[in-house]
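Here is data.cif, consisting of mmCIF, C-alpha atoms:
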```cif
data_data
#
loop_
_atom_site.label_atom_id
_atom_site.label_comp_id
_atom_site.auth_asym_id
_atom_site.auth_seq_id
_atom_site.Cartn_x
_atom_site.Cartn_y
_atom_site.Cartn_z
CA MET A 259 -11.17 -4.10 37.12
CA SER A 260 -13.08 -5.04 33.95
CA THR A 261 -16.86 -5.56 33.88
CA GLU A 262 -18.20 -8.46 31.78
CA MET A 263 -21.02 -7.41 29.43
CA HIS A 264 -23.64 -9.69 27.85
CA LEU A 265 -25.67 -8.93 24.75
CA HIS A 266 -28.94 -9.30 26.65
CA TYR A 267 -27.96 -6.26 28.74
CA PHE A 268 -28.67 -4.20 25.61
CA THR A 269 -31.43 -6.08 23.81
CA PRO A 270 -34.01 -8.67 24.96
CA GLN A 271 -34.33 -10.10 21.42
CA LYS A 272 -32.88 -13.57 21.84
CA ASP A 273 -33.70 -14.53 18.25
CA PHE A 274 -31.83 -11.56 16.75
CA PRO A 275 -28.33 -11.08 18.25
CA PHE A 276 -27.74 -7.50 17.16
CA TYR A 277 -27.73 -4.05 18.71
CA ILE A 278 -26.62 -0.66 17.39
CA GLN A 279 -26.18 2.57 19.32
CA TYR A 280 -24.47 5.95 19.10
CA GLY A 281 -22.11 7.02 21.84
CA HIS A 282 -21.18 10.61 22.77
CA HIS A 283 -18.46 10.30 25.38
CA ASP A 284 -17.54 13.35 27.45
CA GLU A 285 -16.10 11.24 30.26
CA ASN A 286 -13.96 8.12 30.49
CA MET A 287 -15.62 4.83 29.55
CA PHE A 288 -15.03 2.05 32.11
CA LEU A 289 -13.11 -1.09 31.21
CA HIS A 290 -15.35 -3.92 30.11
CA SER A 291 -15.25 -7.16 28.13
CA HIS A 292 -17.80 -8.97 25.97
CA ALA A 293 -19.00 -12.35 27.17
CA ASP A 294 -21.00 -13.45 24.14
CA PHE A 295 -20.72 -10.91 21.32
CA SER A 296 -18.37 -8.97 19.08
CA GLU A 297 -18.37 -5.20 18.77
CA LEU A 298 -17.74 -3.25 15.58
CA VAL A 299 -16.74 0.33 16.41
CA PHE A 300 -16.75 3.35 14.10
CA VAL A 301 -15.12 6.52 15.42
CA LEU A 302 -17.42 9.21 14.02
CA GLY A 303 -15.77 12.27 15.52
CA GLY A 304 -13.04 13.58 17.77
CA ARG A 305 -10.39 11.46 19.42
CA ALA A 306 -9.68 9.48 22.58
CA THR A 307 -7.29 7.02 24.14
CA HIS A 308 -8.33 3.43 23.65
CA ILE A 309 -7.40 1.20 26.59
CA VAL A 310 -7.02 -2.46 25.61
CA ASN A 311 -5.85 -4.99 28.18
CA ASP A 312 -4.19 -2.22 30.22
CA GLU A 313 -2.33 -0.73 27.23
CA GLU A 314 -3.18 2.64 25.65
CA TYR A 315 -3.59 3.64 21.98
CA SER A 316 -4.75 6.83 20.28
CA ILE A 317 -7.83 6.62 18.07
CA LYS A 318 -9.60 9.30 16.05
CA LYS A 319 -12.33 10.00 13.51
CA GLY A 320 -12.35 7.47 10.66
CA ASP A 321 -10.92 4.58 12.66
CA VAL A 322 -12.80 1.26 12.53
CA PHE A 323 -11.99 -1.77 14.65
CA VAL A 324 -13.52 -4.95 16.05
CA ILE A 325 -13.34 -6.15 19.64
CA ASN A 326 -14.25 -9.81 20.06
CA GLU A 327 -15.11 -11.77 23.18
CA ASN A 328 -12.97 -11.77 26.32
CA THR A 329 -10.92 -8.68 25.49
CA SER A 330 -10.96 -5.89 28.07
CA HIS A 331 -11.25 -2.37 26.65
CA GLY A 332 -12.45 1.15 27.44
CA TYR A 333 -11.79 4.82 26.61
CA LYS A 334 -10.24 7.77 28.40
CA ASP A 335 -9.38 11.43 27.71
CA PRO A 336 -12.15 11.90 25.13
CA HIS A 337 -12.17 15.08 23.02
CA HIS A 338 -15.46 15.59 21.12
CA PHE A 339 -15.46 11.80 20.94
CA ARG A 340 -18.38 10.21 19.06
CA ILE A 341 -18.67 6.57 18.09
CA CYS A 342 -21.15 4.02 16.78
CA ASN A 343 -21.15 0.62 18.47
CA ILE A 344 -22.59 -2.37 16.65
CA MET A 345 -22.88 -5.46 18.84
CA PHE A 346 -23.44 -8.75 17.05
CA GLN A 347 -22.81 -12.49 16.91
CA ALA A 348 -20.98 -13.11 13.65
CA ASP A 349 -22.14 -16.69 13.01
CA TYR A 350 -25.77 -15.59 12.95
CA PHE A 351 -25.17 -13.18 10.04
CA ILE A 352 -22.64 -14.99 7.87
CA ARG A 353 -23.57 -18.64 8.38
CA ASP A 354 -25.43 -18.68 5.03
CA PHE A 355 -23.07 -16.31 3.24
CA GLY A 356 -19.75 -18.13 3.28
CA ASP A 357 -18.39 -16.18 0.30
CA ILE A 358 -17.74 -13.26 2.65
CA LYS A 359 -15.02 -15.42 4.20
CA SER A 360 -13.30 -15.67 0.81
CA LEU A 361 -12.31 -12.01 1.29
CA PRO A 362 -8.93 -11.72 3.07
CA GLY A 363 -10.12 -8.46 4.61
CA TYR A 364 -12.87 -10.28 6.50
CA HIS A 365 -10.31 -12.47 8.24
CA SER A 366 -7.89 -9.64 8.97
CA LEU A 367 -10.51 -7.21 10.33
CA PHE A 368 -13.03 -9.53 12.01
CA VAL A 369 -10.95 -12.53 13.11
CA ILE A 370 -7.17 -12.21 13.08
CA GLU A 371 -6.65 -8.66 14.33
CA PRO A 372 -9.21 -9.03 17.17
CA ALA A 373 -7.54 -12.30 18.21
CA LEU A 374 -4.11 -10.67 18.16
CA THR A 375 -5.56 -7.76 20.13
CA GLN A 376 -6.57 -10.19 22.86
CA LEU A 377 -3.16 -11.86 22.80
CA ASN A 378 -0.72 -9.05 22.05
CA GLY A 379 -2.51 -5.71 22.36
CA PHE A 380 -4.27 -3.36 19.95
CA GLN A 381 -1.94 -3.53 16.93
CA SER A 382 -3.95 -1.97 14.13
CA ARG A 383 -7.27 -0.70 12.92
CA LEU A 384 -8.87 0.15 9.58
CA ARG A 385 -8.72 3.86 8.78
CA LEU A 386 -11.39 5.04 6.34
CA SER A 387 -10.71 7.63 3.68
CA PRO A 388 -12.95 10.75 3.82
CA GLU A 389 -14.98 9.40 0.87
CA ASN A 390 -15.46 5.98 2.45
CA PHE A 391 -16.24 7.56 5.80
CA GLU A 392 -19.18 9.49 4.31
CA ASP A 393 -20.52 6.31 2.69
CA PHE A 394 -20.38 4.37 5.96
CA ASP A 395 -21.81 7.26 7.95
CA ARG A 396 -24.90 7.15 5.73
CA LEU A 397 -25.08 3.35 5.98
CA ILE A 398 -24.84 3.51 9.77
CA THR A 399 -27.75 5.97 9.79
CA ARG A 400 -29.86 3.63 7.65
CA ILE A 401 -29.12 0.60 9.83
CA HIS A 402 -29.85 2.55 13.03
CA GLN A 403 -33.13 3.95 11.69
CA GLU A 404 -34.26 0.52 10.49
CA TYR A 405 -33.29 -1.18 13.74
CA ILE A 406 -35.04 1.27 16.08
CA SER A 407 -38.15 1.43 13.86
CA HIS A 408 -39.10 -2.19 14.67
CA SER A 409 -41.21 -2.07 11.51
CA THR A 410 -42.44 -5.33 10.04
CA GLY A 411 -39.43 -7.06 8.51
CA PHE A 412 -36.89 -4.89 10.33
CA GLN A 413 -34.73 -7.90 11.21
CA SER A 414 -34.39 -8.91 7.55
CA MET A 415 -33.71 -5.34 6.45
CA THR A 416 -31.20 -4.74 9.25
CA SER A 417 -29.44 -8.02 8.46
CA GLY A 418 -29.19 -7.15 4.77
CA LEU A 419 -27.74 -3.72 5.46
CA PHE A 420 -25.34 -5.10 8.04
CA LEU A 421 -24.11 -7.77 5.62
CA GLN A 422 -23.56 -4.98 3.09
CA MET A 423 -21.50 -3.14 5.70
CA ILE A 424 -19.40 -6.20 6.63
CA THR A 425 -18.70 -6.99 2.98
CA ALA A 426 -17.79 -3.40 2.12
CA LEU A 427 -15.39 -3.20 5.07
CA ALA A 428 -13.86 -6.55 4.12
CA ARG A 429 -13.31 -5.34 0.56
CA ILE A 430 -11.59 -2.18 1.76
CA ALA A 431 -9.41 -4.17 4.14
CA SER A 432 -8.60 -6.62 1.33
CA ASP A 433 -7.51 -3.79 -0.95
CA THR A 434 -5.26 -2.17 1.65
CA THR A 435 -1.64 -2.41 0.54
CA PRO A 436 0.22 -4.42 3.18
CA GLU A 437 3.72 -3.97 4.46
CA PRO A 438 6.07 -6.68 3.08
CA SER A 439 6.32 -8.22 6.56
CA ASP A 440 2.62 -8.00 7.44
CA SER A 441 1.88 -11.44 8.87
CA VAL A 442 -1.80 -10.55 9.46
CA VAL A 443 -2.38 -9.98 5.75
CA SER A 444 -0.38 -13.10 4.80
CA LEU A 445 -2.45 -15.26 7.13
CA ALA A 446 -5.70 -13.61 6.01
CA ASN A 447 -4.82 -14.29 2.36
CA THR A 448 -4.06 -17.92 3.21
CA VAL A 449 -7.35 -18.52 5.06
CA ALA A 450 -9.31 -16.76 2.32
CA TYR A 451 -7.62 -19.07 -0.17
CA MET A 452 -8.78 -22.06 1.89
CA GLU A 453 -12.34 -20.71 1.91
CA TYR A 454 -12.36 -20.40 -1.89
CA HIS A 455 -10.32 -23.47 -2.87
CA PHE A 456 -11.25 -26.00 -0.17
CA ARG A 457 -12.45 -28.53 -2.76
CA GLU A 458 -8.96 -28.75 -4.25
CA ASP A 459 -6.05 -30.92 -3.14
CA ILE A 460 -4.39 -28.57 -0.62
CA THR A 461 -1.54 -29.66 1.64
CA MET A 462 -0.52 -28.06 4.91
CA ALA A 463 2.91 -27.45 3.37
CA ASP A 464 1.23 -25.44 0.60
CA LEU A 465 -0.66 -23.32 3.11
CA ALA A 466 2.35 -22.72 5.33
CA SER A 467 4.39 -21.63 2.31
CA MET A 468 1.59 -19.30 1.23
CA SER A 469 1.53 -17.71 4.69
CA GLY A 470 5.30 -17.22 4.71
CA MET A 471 5.67 -19.33 7.87
CA SER A 472 7.20 -22.68 8.66
CA SER A 473 4.66 -25.51 8.87
CA ARG A 474 5.05 -25.74 12.63
CA HIS A 475 4.68 -22.00 13.20
CA PHE A 476 1.71 -21.81 10.81
CA ARG A 477 -0.13 -24.56 12.69
CA ARG A 478 0.60 -22.91 16.03
CA VAL A 479 -0.54 -19.43 14.95
CA PHE A 480 -3.62 -20.80 13.17
CA GLN A 481 -4.66 -22.82 16.22
CA LYS A 482 -4.22 -19.82 18.50
CA ILE A 483 -6.37 -17.54 16.34
CA TYR A 484 -9.03 -19.88 14.94
CA GLY A 485 -9.23 -22.33 17.83
CA THR A 486 -8.70 -25.34 15.59
CA SER A 487 -6.02 -26.83 13.38
CA PRO A 488 -5.69 -25.80 9.70
CA LEU A 489 -6.49 -29.36 8.64
CA LYS A 490 -9.69 -29.56 10.69
CA TYR A 491 -10.71 -26.10 9.43
CA LEU A 492 -10.28 -27.37 5.85
CA HIS A 493 -12.30 -30.52 6.53
CA THR A 494 -15.03 -28.45 8.21
CA LEU A 495 -15.34 -26.27 5.10
CA ARG A 496 -15.72 -29.38 2.95
CA ILE A 497 -18.23 -31.09 5.22
CA ARG A 498 -20.39 -27.98 5.58
CA SER A 499 -20.44 -27.70 1.79
CA ALA A 500 -21.47 -31.35 1.60
CA ALA A 501 -24.23 -30.79 4.16
CA ARG A 502 -25.65 -27.98 2.03
CA LEU A 503 -25.66 -30.27 -1.02
CA LEU A 504 -27.35 -33.05 0.96
CA ARG A 505 -30.10 -30.66 2.05
CA SER A 506 -30.66 -29.05 -1.34
CA THR A 507 -30.04 -31.82 -3.93
CA ASP A 508 -30.75 -35.49 -4.59
CA LEU A 509 -27.17 -36.23 -5.66
CA PRO A 510 -25.69 -39.57 -4.55
CA VAL A 511 -23.20 -39.42 -1.71
CA THR A 512 -20.34 -40.35 -4.05
CA GLU A 513 -20.97 -37.28 -6.19
CA ILE A 514 -21.37 -35.03 -3.14
CA ALA A 515 -18.10 -36.36 -1.75
CA ILE A 516 -16.27 -35.55 -5.01
CA ARG A 517 -17.82 -32.09 -5.24
CA SER A 518 -16.75 -31.41 -1.66
CA GLY A 519 -13.12 -32.41 -2.16
CA TYR A 520 -13.10 -36.13 -1.29
CA SER A 521 -12.27 -38.90 -3.74
CA ASP A 522 -13.13 -41.68 -1.26
CA GLY A 523 -16.78 -41.95 -0.24
CA ASN A 524 -16.09 -44.02 2.87
CA TYR A 525 -13.45 -41.58 4.11
CA PHE A 526 -15.92 -38.76 3.43
CA SER A 527 -18.62 -40.56 5.44
CA GLY A 528 -16.28 -40.94 8.40
CA LYS A 529 -15.29 -37.27 8.29
CA PHE A 530 -18.94 -36.27 8.05
CA LYS A 531 -19.71 -38.22 11.22
CA GLN A 532 -16.69 -36.78 13.01
CA ILE A 533 -17.37 -33.13 12.19
CA MET A 534 -21.16 -33.06 12.17
CA GLY A 535 -21.53 -35.41 15.14
CA ILE A 536 -24.13 -37.65 13.47
CA PRO A 537 -24.15 -41.30 12.32
CA PRO A 538 -22.20 -42.09 9.14
CA LEU A 539 -23.87 -41.53 5.79
CA ARG A 540 -24.89 -44.63 3.84
CA TYR A 541 -22.47 -44.97 0.97
CA ARG A 542 -24.05 -44.94 -2.49
CA ASN A 543 -22.20 -45.29 -5.77
CA SER A 544 -22.88 -43.01 -8.71
CA GLN A 545 -24.99 -45.62 -10.53
CA GLU A 546 -27.67 -45.75 -7.83
#
```
Mind turning this structure into structure tokens?
Amino acid sequence: MSTEMHLHYFTPQKDFPFYIQYGHHDENMFLHSHADFSELVFVLGGRATHIVNDEEYSIKKGDVFVINENTSHGYKDPHHFRICNIMFQADYFIRDFGDIKSLPGYHSLFVIEPALTQLNGFQSRLRLSPENFEDFDRLITRIHQEYISHSTGFQSMTSGLFLQMITALARIASDTTPEPSDSVVSLANTVAYMEYHFREDITMADLASMSGMSSRHFRRVFQKIYGTSPLKYLHTLRIRSAARLLRSTDLPVTEIAIRSGYSDGNYFSGKFKQIMGIPPLRYRNSQE
């Protein structure tokens, strides 16, 4: 039976959803799931059997993987097994740094593979080279020291170092040579393309072709992993970009609509209301 874990079990800091700890496991680790956080795991030494949704997989030093919410996992048969667990809520850290999502490796490591783990079992993990392992081992030490210090500004420093870690992992995952039939990488490349080119005229047929799937299968897989349709995901990217421009500039709505991928200001206003859940924007032409 799996135990449900909440982030507040580990940290009382409601305004900073992050916790880092080292684990030295000499005995089996009970099955548990995460109710409201993701967990980034580095295997720092030894080996063990990773139990995910009642299936078993071998893991060893240098392995890195992410377990998202509602996935049951634990460890058994540890041999000199040492790990670092980083518990976090992703939206808190990357909400203002959307360019991270333009890296295919971010989607494969932090979104797609964890979702497929929940659905189909623990299929893959990132395996660090010895050189990369040493770099991340040092970075883990810095983040842990900063976090436990609680010095003035530790949240900002911890966040900066953690963003550095996420980006570095995403770059490594992006540079990993995929198998020709690797659907995870194909989908990750497609979503990263959406993140970078959302202002352009993109059709669902284009995206399905890019992913190597039929349009129907692409929509079904995308919905299962991202919890929304590809079209709504694309519109959400555009509207969030527009919201940033509205907050930070005095541009007329027409210009913001164009810069966000919409040629029709009224259609843009309707989408803004639908996605942001607020009254429609007043339409202004570019001469106002």
As a check of understanding, name the residues that the PyMOL selection byres ((chain A and resi 499) around 12) selects in the supplied structure, as a PDB file with C-alpha atoms, in the coordinates of the input.
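Wrote result34.pdb, looks like this:
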```pdb
ATOM      1  CA  ARG A 353     -23.570 -18.640   8.380  1.00  0.00           C
ATOM      2  CA  ASP A 354     -25.430 -18.680   5.030  1.00  0.00           C
ATOM      3  CA  PHE A 355     -23.070 -16.310   3.240  1.00  0.00           C
ATOM      4  CA  GLY A 356     -19.750 -18.130   3.280  1.00  0.00           C
ATOM      5  CA  ASP A 357     -18.390 -16.180   0.300  1.00  0.00           C
ATOM      6  CA  GLU A 453     -12.340 -20.710   1.910  1.00  0.00           C
ATOM      7  CA  TYR A 454     -12.360 -20.400  -1.890  1.00  0.00           C
ATOM      8  CA  HIS A 455     -10.320 -23.470  -2.870  1.00  0.00           C
ATOM      9  CA  PHE A 456     -11.250 -26.000  -0.170  1.00  0.00           C
ATOM     10  CA  ARG A 457     -12.450 -28.530  -2.760  1.00  0.00           C
ATOM     11  CA  LEU A 492     -10.280 -27.370   5.850  1.00  0.00           C
ATOM     12  CA  HIS A 493     -12.300 -30.520   6.530  1.00  0.00           C
ATOM     13  CA  THR A 494     -15.030 -28.450   8.210  1.00  0.00           C
ATOM     14  CA  LEU A 495     -15.340 -26.270   5.100  1.00  0.00           C
ATOM     15  CA  ARG A 496     -15.720 -29.380   2.950  1.00  0.00           C
ATOM     16  CA  ILE A 497     -18.230 -31.090   5.220  1.00  0.00           C
ATOM     17  CA  ARG A 498     -20.390 -27.980   5.580  1.00  0.00           C
ATOM     18  CA  ALA A 500     -21.470 -31.350   1.600  1.00  0.00           C
ATOM     19  CA  ALA A 501     -24.230 -30.790   4.160  1.00  0.00           C
ATOM     20  CA  ARG A 502     -25.650 -27.980   2.030  1.00  0.00           C
ATOM     21  CA  LEU A 503     -25.660 -30.270  -1.020  1.00  0.00           C
ATOM     22  CA  LEU A 504     -27.350 -33.050   0.960  1.00  0.00           C
ATOM     23  CA  ARG A 505     -30.100 -30.660   2.050  1.00  0.00           C
ATOM     24  CA  SER A 506     -30.660 -29.050  -1.340  1.00  0.00           C
ATOM     25  CA  THR A 507     -30.040 -31.820  -3.930  1.00  0.00           C
ATOM     26  CA  ILE A 514     -21.370 -35.030  -3.140  1.00  0.00           C
ATOM     27  CA  ALA A 515     -18.100 -36.360  -1.750  1.00  0.00           C
ATOM     28  CA  ILE A 516     -16.270 -35.550  -5.010  1.00  0.00           C
ATOM     29  CA  ARG A 517     -17.820 -32.090  -5.240  1.00  0.00           C
ATOM     30  CA  SER A 518     -16.750 -31.410  -1.660  1.00  0.00           C
ATOM     31  CA  GLY A 519     -13.120 -32.410  -2.160  1.00  0.00           C
ATOM     32  CA  TYR A 520     -13.100 -36.130  -1.290  1.00  0.00           C
ATOM     33  CA  PHE A 530     -18.940 -36.270   8.050  1.00  0.00           C
ATOM     34  CA  MET A 534     -21.160 -33.060  12.170  1.00  0.00           C
TER      35      MET A 534
END
```
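Considering only C-alpha atoms, the residue among A:Leu302, A:Glu262, A:Tyr333, A:Asn328 positioned nearest to A:Glu285 is A:Tyr333.
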Write out as a count of residues only each polymer residue whose atoms come within 10 Å of A:Arg383, counting all atoms listed in the file; drop sequence neighbours fewer than 5 positions from it. 11
Hey, what's within 12 Å of A:Tyr405 if we count all atoms listed in the file and toss same-chain stuff fewer than 4 positions away? As a list in words, please?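 Everything that qualifies: Thr269, Gln271, Phe274, Pro275, Phe276, Tyr277, Ile278, Gln279, Ile344, Ile398, Thr399, Arg400, Ile401, Ser409, Thr410, Gly411, Phe412, Gln413, Ser414, Met415, Thr416, Ser417, Gly418, Leu419 and Phe420 of chain A.
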Output for the residues just chosen: C-alpha atoms as an mmCIF file, in the frame of the given file:
```cif
data_model
loop_
_atom_site.group_PDB
_atom_site.id
_atom_site.type_symbol
_atom_site.label_atom_id
_atom_site.label_comp_id
_atom_site.auth_asym_id
_atom_site.auth_seq_id
_atom_site.Cartn_x
_atom_site.Cartn_y
_atom_site.Cartn_z
ATOM 1 C CA THR A 269 -31.430 -6.080 23.810
ATOM 2 C CA GLN A 271 -34.330 -10.100 21.420
ATOM 3 C CA PHE A 274 -31.830 -11.560 16.750
ATOM 4 C CA PRO A 275 -28.330 -11.080 18.250
ATOM 5 C CA PHE A 276 -27.740 -7.500 17.160
ATOM 6 C CA TYR A 277 -27.730 -4.050 18.710
ATOM 7 C CA ILE A 278 -26.620 -0.660 17.390
ATOM 8 C CA GLN A 279 -26.180 2.570 19.320
ATOM 9 C CA ILE A 344 -22.590 -2.370 16.650
ATOM 10 C CA ILE A 398 -24.840 3.510 9.770
ATOM 11 C CA THR A 399 -27.750 5.970 9.790
ATOM 12 C CA ARG A 400 -29.860 3.630 7.650
ATOM 13 C CA ILE A 401 -29.120 0.600 9.830
ATOM 14 C CA SER A 409 -41.210 -2.070 11.510
ATOM 15 C CA THR A 410 -42.440 -5.330 10.040
ATOM 16 C CA GLY A 411 -39.430 -7.060 8.510
ATOM 17 C CA PHE A 412 -36.890 -4.890 10.330
ATOM 18 C CA GLN A 413 -34.730 -7.900 11.210
ATOM 19 C CA SER A 414 -34.390 -8.910 7.550
ATOM 20 C CA MET A 415 -33.710 -5.340 6.450
ATOM 21 C CA THR A 416 -31.200 -4.740 9.250
ATOM 22 C CA SER A 417 -29.440 -8.020 8.460
ATOM 23 C CA GLY A 418 -29.190 -7.150 4.770
ATOM 24 C CA LEU A 419 -27.740 -3.720 5.460
ATOM 25 C CA PHE A 420 -25.340 -5.100 8.040
#
```
What's the separation between atom CA of A:Thr307 and atom CA of A:His283, in Å to one decimal place?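 A separation of 11.7 Å between them.
If you measure from each of A:Asp273, A:Asp433, A:Glu314, A:Asp335 to A:Met287 using all atoms listed in the file, the closest one turns out to be A:Asp335.
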From the structure block, carefully write stretch 416-425 of chain A out with all heavy atoms; format it as an mmCIF file, in the first residue's frame.
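Generated file (result30.cif):
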```
data_model
loop_
_atom_site.group_PDB
_atom_site.id
_atom_site.type_symbol
_atom_site.label_atom_id
_atom_site.label_comp_id
_atom_site.auth_asym_id
_atom_site.auth_seq_id
_atom_site.Cartn_x
_atom_site.Cartn_y
_atom_site.Cartn_z
ATOM 1 N N THR A 416 18.905 30.006 -3.765
ATOM 2 C CA THR A 416 18.524 28.618 -4.031
ATOM 3 C C THR A 416 17.774 28.506 -5.346
ATOM 4 O O THR A 416 18.029 27.592 -6.145
ATOM 5 C CB THR A 416 17.653 28.073 -2.883
ATOM 6 O OG1 THR A 416 18.395 28.112 -1.660
ATOM 7 C CG2 THR A 416 17.238 26.634 -3.153
ATOM 8 N N SER A 417 16.854 29.431 -5.599
ATOM 9 C CA SER A 417 16.085 29.410 -6.841
ATOM 10 C C SER A 417 16.991 29.555 -8.050
ATOM 11 O O SER A 417 16.828 28.845 -9.057
ATOM 12 C CB SER A 417 15.036 30.524 -6.837
ATOM 13 O OG SER A 417 14.085 30.341 -5.817
ATOM 14 N N GLY A 418 17.959 30.481 -7.972
ATOM 15 C CA GLY A 418 18.877 30.687 -9.083
ATOM 16 C C GLY A 418 19.707 29.454 -9.383
ATOM 17 O O GLY A 418 19.872 29.055 -10.546
ATOM 18 N N LEU A 419 20.224 28.824 -8.334
ATOM 19 C CA LEU A 419 21.023 27.615 -8.519
ATOM 20 C C LEU A 419 20.177 26.462 -9.041
ATOM 21 O O LEU A 419 20.629 25.672 -9.881
ATOM 22 C CB LEU A 419 21.692 27.230 -7.197
ATOM 23 C CG LEU A 419 22.775 28.180 -6.687
ATOM 24 C CD1 LEU A 419 23.171 27.820 -5.250
ATOM 25 C CD2 LEU A 419 24.008 28.132 -7.591
ATOM 26 N N PHE A 420 18.943 26.370 -8.552
ATOM 27 C CA PHE A 420 18.069 25.291 -9.006
ATOM 28 C C PHE A 420 17.682 25.482 -10.468
ATOM 29 O O PHE A 420 17.624 24.520 -11.237
ATOM 30 C CB PHE A 420 16.834 25.214 -8.117
ATOM 31 C CG PHE A 420 15.927 24.053 -8.427
ATOM 32 C CD1 PHE A 420 16.429 22.762 -8.512
ATOM 33 C CD2 PHE A 420 14.570 24.254 -8.636
ATOM 34 C CE1 PHE A 420 15.595 21.685 -8.791
ATOM 35 C CE2 PHE A 420 13.725 23.182 -8.920
ATOM 36 C CZ PHE A 420 14.246 21.893 -9.006
ATOM 37 N N LEU A 421 17.416 26.721 -10.877
ATOM 38 C CA LEU A 421 17.141 26.988 -12.288
ATOM 39 C C LEU A 421 18.342 26.632 -13.150
ATOM 40 O O LEU A 421 18.195 26.109 -14.270
ATOM 41 C CB LEU A 421 16.766 28.458 -12.482
ATOM 42 C CG LEU A 421 15.346 28.837 -12.095
ATOM 43 C CD1 LEU A 421 15.198 30.354 -12.032
ATOM 44 C CD2 LEU A 421 14.349 28.257 -13.094
ATOM 45 N N GLN A 422 19.539 26.916 -12.647
ATOM 46 C CA GLN A 422 20.755 26.514 -13.355
ATOM 47 C C GLN A 422 20.797 24.995 -13.525
ATOM 48 O O GLN A 422 21.125 24.483 -14.597
ATOM 49 C CB GLN A 422 21.983 26.992 -12.585
ATOM 50 C CG GLN A 422 23.318 26.595 -13.206
ATOM 51 C CD GLN A 422 24.504 27.043 -12.361
ATOM 52 O OE1 GLN A 422 24.396 27.964 -11.547
ATOM 53 N NE2 GLN A 422 25.639 26.396 -12.551
ATOM 54 N N MET A 423 20.432 24.282 -12.471
ATOM 55 C CA MET A 423 20.424 22.817 -12.521
ATOM 56 C C MET A 423 19.410 22.304 -13.534
ATOM 57 O O MET A 423 19.717 21.428 -14.362
ATOM 58 C CB MET A 423 20.110 22.259 -11.131
ATOM 59 C CG MET A 423 19.906 20.750 -11.095
ATOM 60 S SD MET A 423 19.561 20.161 -9.426
ATOM 61 C CE MET A 423 21.213 20.187 -8.725
ATOM 62 N N ILE A 424 18.165 22.833 -13.481
ATOM 63 C CA ILE A 424 17.119 22.388 -14.403
ATOM 64 C C ILE A 424 17.547 22.623 -15.850
ATOM 65 O O ILE A 424 17.397 21.756 -16.715
ATOM 66 C CB ILE A 424 15.802 23.129 -14.109
ATOM 67 C CG1 ILE A 424 15.228 22.707 -12.764
ATOM 68 C CG2 ILE A 424 14.774 22.857 -15.214
ATOM 69 C CD1 ILE A 424 14.003 23.519 -12.360
ATOM 70 N N THR A 425 18.100 23.805 -16.115
ATOM 71 C CA THR A 425 18.487 24.147 -17.473
ATOM 72 C C THR A 425 19.629 23.259 -17.959
ATOM 73 O O THR A 425 19.622 22.789 -19.104
ATOM 74 C CB THR A 425 18.897 25.623 -17.555
ATOM 75 O OG1 THR A 425 17.847 26.442 -17.035
ATOM 76 C CG2 THR A 425 19.185 26.028 -18.985
#
```
